[in-house]
Every structure is written in C-alpha cells, then in structure tokens.
Amino acid sequence: MVSHTNKIFKFGKKVYDLSSRTFIMGILNITPDSFSDGGRYYSTEKAIEHALRMEDEGADFIDIGGESTRPGAESVSVEEELKRVIPVIEKLAGKIEIPISIDTTKSEVARKALDTGAEIVNDISATNFDPDMIKVISDFKPALILMHIKGSPKTMQINPDYIDVIKEIKDYLQESVNKCRSNGIEQIIVDPGIGFGKKLEHNIEIFKRLSELKELGCPILIGPSRKSFIGQILDLPVEQRLEGTAAAVAVSILRGANIVRVHDVKEIKRVVKIVDALK
C-alpha cells in the first residue's frame with residue numbers, strides 16, 4: 001500500500017500541485033476518424049483555433065493526438081501521424097500558456113513532439129506498444145500518462161473479459177510504473193482507460209472503485225468524455241452525451257481523480273469548480 005503520492009509536477013518553469021484542485025485536459029484530435037470529433041480540427045488552422053479556445057475556456061493542458069484510438073481503428077504510419085501533429089505543436093507552442101501533451105504510442109512521434117514543445121506524453125499503451133518509448137521519456141523527462149488498454153484499438157472491444165477488472169488494471173499499470181521508475185522516470189500519471197477494452201459493466205466498476213488506483217502512488221487521470229458507456233446508459237448518440245459526461249466527471253473527482261480529459265472544456269470547467277468546492 002502506497003501512503004504518499006507525489007503530485008508536484010514541473011512543466012517548463014511552471015510547477016503544478018495536482019492535489020490542489022481538479023485539472024482539466026482538453027482533447028484536440030487532428031484526425032479524420034475519431035469517434036466524436038473526427039475531421040472537425042483536421043486542418044492546422046482549425047486545430048490551433050480550437051486549442052486556444054479551450055485554453056480560454058479553462059483547460060489546464062491540451063492533449064494533441066494524430067491517430068484515432070476509437071474501437072476498431074486502424075493504426076497510421078509514423079510519417080502520417082507526424083504530418084498531422086507537428087505543424088500544430090510548432091505553431092501552438094509559441095501561442096499557448098498551458099502545457100501541451102502529445103497523445104501517441106510511437107516513440108518517434110513522442111520525440112519529435114517533445115523536441116517541438118510538448119511537455120507531456122500520453123501513451124494509451126503505458127509504453128508497451130513501442131519498446132523505445134522509455135528511452136525517449138528518459139531523455140526528455142516530460143510528464144508521462146500511462147493508460148490501461150486490453151488489446152489494441154482495433155481489437156480491444158472484441159468481447160473483453162476480466163475476473164477482477166480493477167485488479168487487472170492495477171497490476172498492468174503497476175508493472176509499467178515500476179519499469180518507468182527503474183529508468184529514472186518520476187513524473188507519472190495513471191489512467192484506467194475507460195472504454196479501452198471494457199464492456200459497460202467494466203466501466204461502471206472502474207468508477208465505483210476508482211479510489212483503489214491511489215495505491216499506485218500516482219495522480220489519476222480519467223477520460224469519460226462522450227464515451228459509449230454514457231450512450232449505453234442514456235441511449236443517446238455521441239453528440240448528446242454532455243450531461244452524462246458531467247455526471248461521470250463529478251463521480252470521478254469524488255472518487256479521487258486529479259485530472260479529467262474532456263471535449264467540452266467550458267461546461268466541464270463549471271462542473272469541476274462546483275465539485276471541488278463541495279467535496
């Protein structure tokens with residue numbers, strides 16, 4: 001059992017205490033096929049405009065991804081992913097005051113993004129898809145988000161099964177945390193991976209037992225935004241899941257989440273402020 005969690009993180013010259021309040025990570029998908037907003041911010045100009053808008057609305061971080069990780073998604077090449085994200089990071093780094101995160105499983109994309117101005121790597125594979133990712137993180141010393149996934153985006157929703165979903169998530173993430181720490185990586189955030197190889201009942205169990213992830217000794221990030229479990233519970237399409245997202249965010253904060261990763265920054269910022277004031 002871990003009794004102390006390091007929640008003081010450095011991003012450039014800024015120091016964040018991730019235990020002081022709930023932080024918001026705004027999602028910026030530069031893809032044609034993401035499940036919720038694919039194609040909306042595919043051009044560099046629209047992507048930068050949206051990132052600046054999310055900053056104005058209260059985002060604490062911007063998470064930029066150039067490869068869809070929706071269920072059934074095919075992987076894209078390193079070259080294609082770089083072509084999508086690097087021009088945005090290059091132009092955004094000089095305009096934005098908040099840290100930029102690169103959402104990738106590819107070490108080459110992470111290296112170039114960090115070299116261009118990103119300060120966080122968000123790896124949905126917890127560094128397991130690319131063996132060179134650890135070296136990149138060790139070299140640059142960014143904050144690192146380790147997420148649990150069962151399978152790959154293409155296969156993860158093909159009848160995922162668990163005996164104890166939280167135990168399996170904890171064991172998977174603990175192995176990655178140990179590997180990272182043994183390589184001198186200390187700024188680690190963990191994410192249980194809502195919807196990444198989980199059925200409805202698995203996602204519900206994660207929310208009920210989210211506080212158990214504190215035993216990993218890392219801040220907790222959770223990404224419920226517009227996810228299919230909300231659609232299943234409410235029987236609503238993706239564009240009508242704001243209230244469901246807000247409810248999931250509120251529960252997440254009460255169960256120990258330090259960062260929430262969302263599409264609707266303005267609305268969720270209001271939710272976060274109320275929950276933080278009342279919890």
# chains A, B, ... in the order shown; residues from 1 in each chain; ligands from 1
>>> residues_around(residues="A:Ile27", least_positions_apart="2", cutoff="8 Å", atoms="only C-alpha atoms", output="number ranges by chain")
A: 25, 29, 62-64, 261-263
>>> select_by_dssp(residues="stretch 11-242 of chain A", states="helix (DSSP H, G or I)", output="PyMOL selection string")
chain A and resi 44-57+78-93+107-116+133-140+165-182+200-208+210-216+228-234+238-240+242
>>> write_last_selection(atoms="C-alpha atoms", output="mmCIF file, in the first residue's frame")
data_model
loop_
_atom_site.group_PDB
_atom_site.id
_atom_site.type_symbol
_atom_site.label_atom_id
_atom_site.label_comp_id
_atom_site.auth_asym_id
_atom_site.auth_seq_id
_atom_site.Cartn_x
_atom_site.Cartn_y
_atom_site.Cartn_z
ATOM 1 C CA THR A 44 -3.707 23.170 -38.751
ATOM 2 C CA GLU A 45 -5.592 26.469 -38.578
ATOM 3 C CA LYS A 46 -8.763 24.943 -37.108
ATOM 4 C CA ALA A 47 -6.741 22.876 -34.655
ATOM 5 C CA ILE A 48 -4.846 25.914 -33.335
ATOM 6 C CA GLU A 49 -8.048 27.941 -33.104
ATOM 7 C CA HIS A 50 -9.726 25.204 -31.085
ATOM 8 C CA ALA A 51 -6.731 24.770 -28.758
ATOM 9 C CA LEU A 52 -6.663 28.494 -27.992
ATOM 10 C CA ARG A 53 -10.418 28.437 -27.385
ATOM 11 C CA MET A 54 -10.046 25.553 -24.904
ATOM 12 C CA GLU A 55 -7.293 27.472 -23.109
ATOM 13 C CA ASP A 56 -9.623 30.487 -22.824
ATOM 14 C CA GLU A 57 -12.378 28.218 -21.506
ATOM 15 C CA VAL A 78 4.690 7.409 -38.127
ATOM 16 C CA GLU A 79 5.015 9.733 -41.122
ATOM 17 C CA GLU A 80 1.275 10.400 -41.283
ATOM 18 C CA GLU A 81 0.986 10.979 -37.562
ATOM 19 C CA LEU A 82 3.921 13.412 -37.622
ATOM 20 C CA LYS A 83 2.401 15.251 -40.582
ATOM 21 C CA ARG A 84 -0.800 15.773 -38.599
ATOM 22 C CA VAL A 85 0.525 16.850 -35.204
ATOM 23 C CA ILE A 86 3.935 18.520 -35.554
ATOM 24 C CA PRO A 87 2.817 21.616 -37.523
ATOM 25 C CA VAL A 88 0.156 22.248 -34.870
ATOM 26 C CA ILE A 89 2.565 21.835 -31.954
ATOM 27 C CA GLU A 90 5.143 24.072 -33.658
ATOM 28 C CA LYS A 91 2.671 26.907 -34.116
ATOM 29 C CA LEU A 92 0.840 26.399 -30.839
ATOM 30 C CA ALA A 93 3.919 26.229 -28.600
ATOM 31 C CA SER A 107 8.465 6.859 -29.673
ATOM 32 C CA GLU A 108 9.458 8.739 -32.821
ATOM 33 C CA VAL A 109 6.312 10.873 -32.680
ATOM 34 C CA ALA A 110 6.846 11.493 -28.963
ATOM 35 C CA ARG A 111 10.479 12.513 -29.512
ATOM 36 C CA LYS A 112 9.646 14.978 -32.279
ATOM 37 C CA ALA A 113 6.691 16.405 -30.350
ATOM 38 C CA LEU A 114 8.794 16.919 -27.211
ATOM 39 C CA ASP A 115 11.555 18.490 -29.288
ATOM 40 C CA THR A 116 8.952 20.843 -30.774
ATOM 41 C CA MET A 133 9.282 4.961 -25.673
ATOM 42 C CA ILE A 134 11.026 4.546 -22.316
ATOM 43 C CA LYS A 135 14.295 5.875 -23.793
ATOM 44 C CA VAL A 136 12.547 8.961 -25.192
ATOM 45 C CA ILE A 137 10.874 9.713 -21.872
ATOM 46 C CA SER A 138 14.161 9.163 -20.029
ATOM 47 C CA ASP A 139 15.917 11.584 -22.398
ATOM 48 C CA PHE A 140 13.367 14.430 -22.233
ATOM 49 C CA VAL A 165 -11.174 -5.527 -13.685
ATOM 50 C CA ILE A 166 -9.632 -3.184 -11.105
ATOM 51 C CA LYS A 167 -7.039 -5.728 -10.002
ATOM 52 C CA GLU A 168 -6.006 -6.370 -13.607
ATOM 53 C CA ILE A 169 -5.784 -2.638 -14.323
ATOM 54 C CA LYS A 170 -3.709 -2.057 -11.190
ATOM 55 C CA ASP A 171 -1.352 -4.952 -11.952
ATOM 56 C CA TYR A 172 -0.877 -3.776 -15.560
ATOM 57 C CA LEU A 173 -0.222 -0.172 -14.544
ATOM 58 C CA GLN A 174 1.990 -1.142 -11.606
ATOM 59 C CA GLU A 175 4.264 -3.077 -13.961
ATOM 60 C CA SER A 176 4.595 -0.040 -16.228
ATOM 61 C CA VAL A 177 5.103 2.343 -13.302
ATOM 62 C CA ASN A 178 7.870 0.109 -11.933
ATOM 63 C CA LYS A 179 9.542 -0.082 -15.352
ATOM 64 C CA CYS A 180 9.434 3.688 -15.725
ATOM 65 C CA ARG A 181 10.719 4.406 -12.229
ATOM 66 C CA SER A 182 13.592 1.966 -12.703
ATOM 67 C CA LEU A 200 -20.342 -1.432 -19.809
ATOM 68 C CA GLU A 201 -20.109 -3.361 -16.536
ATOM 69 C CA HIS A 202 -16.309 -2.999 -16.502
ATOM 70 C CA ASN A 203 -16.523 0.777 -16.940
ATOM 71 C CA ILE A 204 -19.104 1.058 -14.159
ATOM 72 C CA GLU A 205 -16.869 -0.990 -11.845
ATOM 73 C CA ILE A 206 -13.937 1.326 -12.573
ATOM 74 C CA PHE A 207 -15.954 4.358 -11.443
ATOM 75 C CA LYS A 208 -17.131 2.572 -8.310
ATOM 76 C CA LEU A 210 -11.510 4.345 -8.843
ATOM 77 C CA SER A 211 -10.036 5.315 -5.472
ATOM 78 C CA GLU A 212 -8.217 1.959 -5.339
ATOM 79 C CA LEU A 213 -5.864 3.226 -8.050
ATOM 80 C CA LYS A 214 -4.395 5.636 -5.487
ATOM 81 C CA GLU A 215 -2.405 2.628 -4.263
ATOM 82 C CA LEU A 216 -0.184 3.055 -7.354
ATOM 83 C CA SER A 228 -20.022 4.772 -25.368
ATOM 84 C CA PHE A 229 -20.845 3.698 -21.796
ATOM 85 C CA ILE A 230 -22.720 7.005 -21.426
ATOM 86 C CA GLY A 231 -24.563 6.297 -24.668
ATOM 87 C CA GLN A 232 -25.461 2.822 -23.428
ATOM 88 C CA ILE A 233 -26.820 4.067 -20.108
ATOM 89 C CA LEU A 234 -28.748 7.012 -21.577
ATOM 90 C CA VAL A 238 -22.371 10.875 -29.099
ATOM 91 C CA GLU A 239 -23.437 14.497 -29.655
ATOM 92 C CA GLN A 240 -25.966 14.273 -26.784
ATOM 93 C CA LEU A 242 -22.662 16.232 -22.299
#
>>> atom_distance(atom1="atom CA of A:Val76", atom2="atom CA of A:Asn122")
16.9 Å
>>> closest_residue(among="A:Gly12, A:Ser75, A:Lys269, A:Ser152", to="A:Gly58", atoms="only C-alpha atoms")
A:Lys269
>>> closest_residue(among="A:Gln187, A:Thr31, A:Ser19, A:Asn128", to="A:Gly65", atoms="only C-alpha atoms")
A:Thr31
>>> closest_residue(among="A:Asn183, A:Ser20, A:Thr105, A:Ser77", to="A:Ala257", atoms="only C-alpha atoms")
A:Ser20
>>> residues_around(residues="A:Glu243", least_positions_apart="5", cutoff="12 Å", atoms="only C-alpha atoms", output="list in words")
Pro224, Ser225, Arg226, Lys227, Ile230, Gly231, Ile233, Leu234, Leu236, Val238, Ala248, Val249, Ala250, Asp264, Glu267, Ile268 and Val271 of chain A
>>> closest_residue(among="A:Val272, A:Ile259, A:Ala59, A:Ile98", to="A:Lys13", atoms="only C-alpha atoms")
A:Ile98
>>> residues_around(residues="A:Leu146", least_positions_apart="4", cutoff="6 Å", atoms="only C-alpha atoms", output="PyMOL selection string")
chain A and resi 123+126+190
>>> write_last_selection(atoms="C-alpha atoms", output="PDB file, in the first residue's frame")
ATOM      1  CA  ASP A 123       0.618   6.818 -24.048  1.00  0.00           C
ATOM      2  CA  ALA A 126       1.560   2.543 -20.976  1.00  0.00           C
ATOM      3  CA  VAL A 190      -2.109   6.785 -14.381  1.00  0.00           C
TER       4      VAL A 190
END
>>> select_by_dssp(residues="stretch 7-194 of chain A", states="strand (DSSP E)", output="VMD selection string")
chain A and resid 8 to 11 14 to 17 23 to 29 61 to 65 100 to 103 120 to 123 143 to 147 188 to 191
>>> residues_around(residues="A:Asp17", least_positions_apart="6", cutoff="7 Å", atoms="only C-alpha atoms", output="list in words")
Lys7, Ile8 and Phe9 of chain A
>>> write_last_selection(atoms="C-alpha atoms", output="CSV table (one decimal), in the first residue's frame")
chain,number,residue,atom,x,y,z
A,7,LYS,CA,1.6,15.2,-7.1
A,8,ILE,CA,4.1,18.1,-7.6
A,9,PHE,CA,4.8,18.2,-11.4
